Amino acid sequence: MNNFTKEIIDTYAENLLFRLSEEENALVLNEFVDIEERMNLINKIPNLSSVEPMSHPFPLDDVILREDIHEESLSVDDAFKNAHKVTNREVEVPRVVA
């Protein structure tokens with residue numbers, strides 16, 4: 001069952017503040033249909049609800065992370081010391097987008 005339509009794709013695009021051409025919409029629609037078909041295949045796997053979700057497709061035994069160490073951060077005044085211009089506790093920077 002196809003739950004995605006051209007109108008839904010257009011609505012998603014509009015909500016994300018961009019527009020798609022007819023060709024782009026058709027491409028995205030086909031990709032969503034493919035994803036939905038694959039999800040339906042996965043849902044047909046027996047006893048799937050008894051499987052623990054994974055964050056990675058393989059064990060991460062060799063990853064060693066350091067312990068979090070709480071350290072004092074800079075005060076607001078110290079953080080603003082190197083700023084060229086500060087207004088209302090905000091650093092002003094030159095405009096980079098026209």
# chains A, B, ... in the order shown; residues from 1 in each chain; ligands from 1
$ residues_around --residues "Asn30 in chain A" --least-positions-apart "5" --cutoff "10 Å" --atoms "only C-alpha atoms" --output "list in words"
Phe4, Thr5, Glu24, Asn25, Ile35 and Glu36 of chain A
$ select_by_dssp --residues "chain A" --states "strand (DSSP E or B)" --output "PyMOL selection string"
chain A and resi 86-87+90-91
$ write_last_selection --atoms "C-alpha atoms" --output "short mmCIF file (atom, residue, chain, number, x, y, z; two decimals), in the first residue's frame"
data_model
loop_
_atom_site.label_atom_id
_atom_site.label_comp_id
_atom_site.auth_asym_id
_atom_site.auth_seq_id
_atom_site.Cartn_x
_atom_site.Cartn_y
_atom_site.Cartn_z
CA VAL A 86 29.08 43.10 22.03
CA THR A 87 25.48 44.31 22.16
CA GLU A 90 25.49 39.07 22.06
CA VAL A 91 28.61 39.11 19.90
#
$ atom_distance --atom1 "CA of Phe18 in chain A" --atom2 "CA of Val96 in chain A"
21.8 Å
$ atom_distance --atom1 "CA of Asn15 in chain A" --atom2 "CA of Met39 in chain A"
24.1 Å
$ closest_residue --among "A:Lys6, A:Ile69, A:Lys85, A:Leu74" --to "Glu23 in chain A" --atoms "only C-alpha atoms"
A:Lys6
$ select_by_dssp --residues "chain A" --states "helix (DSSP H, G or I)" --output "VMD selection string"
chain A and resid 6 to 15 22 to 43 48 to 50 76 to 80
$ write_last_selection --atoms "N, CA and C atoms" --output "tab-separated table (two decimals), in the first residue's frame"
chain	number	residue	atom	x	y	z
A	6	LYS	N	1.95	12.61	-4.50
A	6	LYS	CA	2.59	13.84	-4.97
A	6	LYS	C	2.26	15.00	-4.04
A	7	GLU	N	1.03	15.07	-3.58
A	7	GLU	CA	0.59	16.16	-2.71
A	7	GLU	C	1.31	16.10	-1.36
A	8	ILE	N	1.49	14.90	-0.83
A	8	ILE	CA	2.20	14.77	0.45
A	8	ILE	C	3.64	15.23	0.31
A	9	ILE	N	4.30	14.83	-0.79
A	9	ILE	CA	5.68	15.24	-1.03
A	9	ILE	C	5.75	16.76	-1.15
A	10	ASP	N	4.80	17.36	-1.87
A	10	ASP	CA	4.78	18.82	-2.01
A	10	ASP	C	4.58	19.49	-0.64
A	11	THR	N	3.71	18.92	0.19
A	11	THR	CA	3.48	19.47	1.53
A	11	THR	C	4.74	19.38	2.37
A	12	TYR	N	5.42	18.23	2.34
A	12	TYR	CA	6.69	18.08	3.08
A	12	TYR	C	7.70	19.12	2.61
A	13	ALA	N	7.83	19.27	1.30
A	13	ALA	CA	8.79	20.24	0.75
A	13	ALA	C	8.43	21.65	1.21
A	14	GLU	N	7.16	22.00	1.15
A	14	GLU	CA	6.73	23.33	1.55
A	14	GLU	C	7.00	23.56	3.03
A	15	ASN	N	6.77	22.54	3.86
A	15	ASN	CA	7.05	22.66	5.29
A	15	ASN	C	8.54	22.86	5.56
A	22	GLU	N	8.39	19.05	-10.97
A	22	GLU	CA	7.64	17.81	-11.20
A	22	GLU	C	8.58	16.61	-11.24
A	23	GLU	N	9.73	16.78	-11.89
A	23	GLU	CA	10.70	15.67	-11.99
A	23	GLU	C	11.27	15.32	-10.62
A	24	GLU	N	11.60	16.36	-9.84
A	24	GLU	CA	12.14	16.12	-8.50
A	24	GLU	C	11.10	15.46	-7.61
A	25	ASN	N	9.85	15.91	-7.73
A	25	ASN	CA	8.78	15.31	-6.94
A	25	ASN	C	8.63	13.84	-7.28
A	26	ALA	N	8.67	13.50	-8.57
A	26	ALA	CA	8.54	12.10	-8.99
A	26	ALA	C	9.69	11.27	-8.44
A	27	LEU	N	10.90	11.82	-8.47
A	27	LEU	CA	12.06	11.11	-7.95
A	27	LEU	C	11.93	10.86	-6.45
A	28	VAL	N	11.57	11.89	-5.70
A	28	VAL	CA	11.40	11.75	-4.25
A	28	VAL	C	10.28	10.77	-3.94
A	29	LEU	N	9.18	10.86	-4.69
A	29	LEU	CA	8.06	9.95	-4.48
A	29	LEU	C	8.50	8.50	-4.69
A	30	ASN	N	9.26	8.24	-5.74
A	30	ASN	CA	9.76	6.88	-5.99
A	30	ASN	C	10.66	6.41	-4.86
A	31	GLU	N	11.48	7.31	-4.33
A	31	GLU	CA	12.37	6.94	-3.23
A	31	GLU	C	11.57	6.61	-1.97
A	32	PHE	N	10.52	7.40	-1.69
A	32	PHE	CA	9.68	7.12	-0.53
A	32	PHE	C	8.96	5.78	-0.70
A	33	VAL	N	8.50	5.50	-1.90
A	33	VAL	CA	7.82	4.22	-2.16
A	33	VAL	C	8.80	3.07	-1.93
A	34	ASP	N	10.04	3.21	-2.40
A	34	ASP	CA	11.06	2.17	-2.17
A	34	ASP	C	11.32	1.97	-0.69
A	35	ILE	N	11.44	3.06	0.04
A	35	ILE	CA	11.68	2.97	1.48
A	35	ILE	C	10.51	2.27	2.16
A	36	GLU	N	9.30	2.63	1.78
A	36	GLU	CA	8.12	2.01	2.38
A	36	GLU	C	8.07	0.51	2.08
A	37	GLU	N	8.42	0.12	0.86
A	37	GLU	CA	8.43	-1.30	0.51
A	37	GLU	C	9.45	-2.06	1.37
A	38	ARG	N	10.61	-1.47	1.58
A	38	ARG	CA	11.64	-2.13	2.40
A	38	ARG	C	11.20	-2.20	3.86
A	39	MET	N	10.53	-1.18	4.35
A	39	MET	CA	10.02	-1.22	5.72
A	39	MET	C	8.97	-2.32	5.86
A	40	ASN	N	8.13	-2.49	4.85
A	40	ASN	CA	7.13	-3.56	4.89
A	40	ASN	C	7.80	-4.93	4.90
A	41	LEU	N	8.90	-5.08	4.16
A	41	LEU	CA	9.64	-6.34	4.19
A	41	LEU	C	10.21	-6.61	5.58
A	42	ILE	N	10.76	-5.59	6.19
A	42	ILE	CA	11.31	-5.75	7.54
A	42	ILE	C	10.22	-6.12	8.52
A	43	ASN	N	9.04	-5.53	8.39
A	43	ASN	CA	7.94	-5.82	9.30
A	43	ASN	C	7.42	-7.24	9.17
A	48	LEU	N	10.09	-10.00	15.39
A	48	LEU	CA	10.88	-8.78	15.32
A	48	LEU	C	10.74	-7.93	16.58
A	49	SER	N	9.59	-7.99	17.22
A	49	SER	CA	9.37	-7.18	18.42
A	49	SER	C	10.22	-7.64	19.60
A	50	SER	N	10.75	-8.86	19.54
A	50	SER	CA	11.58	-9.35	20.64
A	50	SER	C	13.06	-9.01	20.46
A	76	VAL	N	30.77	34.90	31.47
A	76	VAL	CA	30.28	35.66	30.33
A	76	VAL	C	31.25	36.79	30.00
A	77	ASP	N	31.74	37.46	31.02
A	77	ASP	CA	32.68	38.57	30.79
A	77	ASP	C	33.97	38.08	30.13
A	78	ASP	N	34.50	36.95	30.58
A	78	ASP	CA	35.71	36.40	29.97
A	78	ASP	C	35.46	35.97	28.53
A	79	ALA	N	34.28	35.43	28.27
A	79	ALA	CA	33.97	34.98	26.91
A	79	ALA	C	33.88	36.16	25.94
A	80	PHE	N	33.46	37.32	26.44
A	80	PHE	CA	33.31	38.50	25.58
A	80	PHE	C	34.59	39.32	25.46
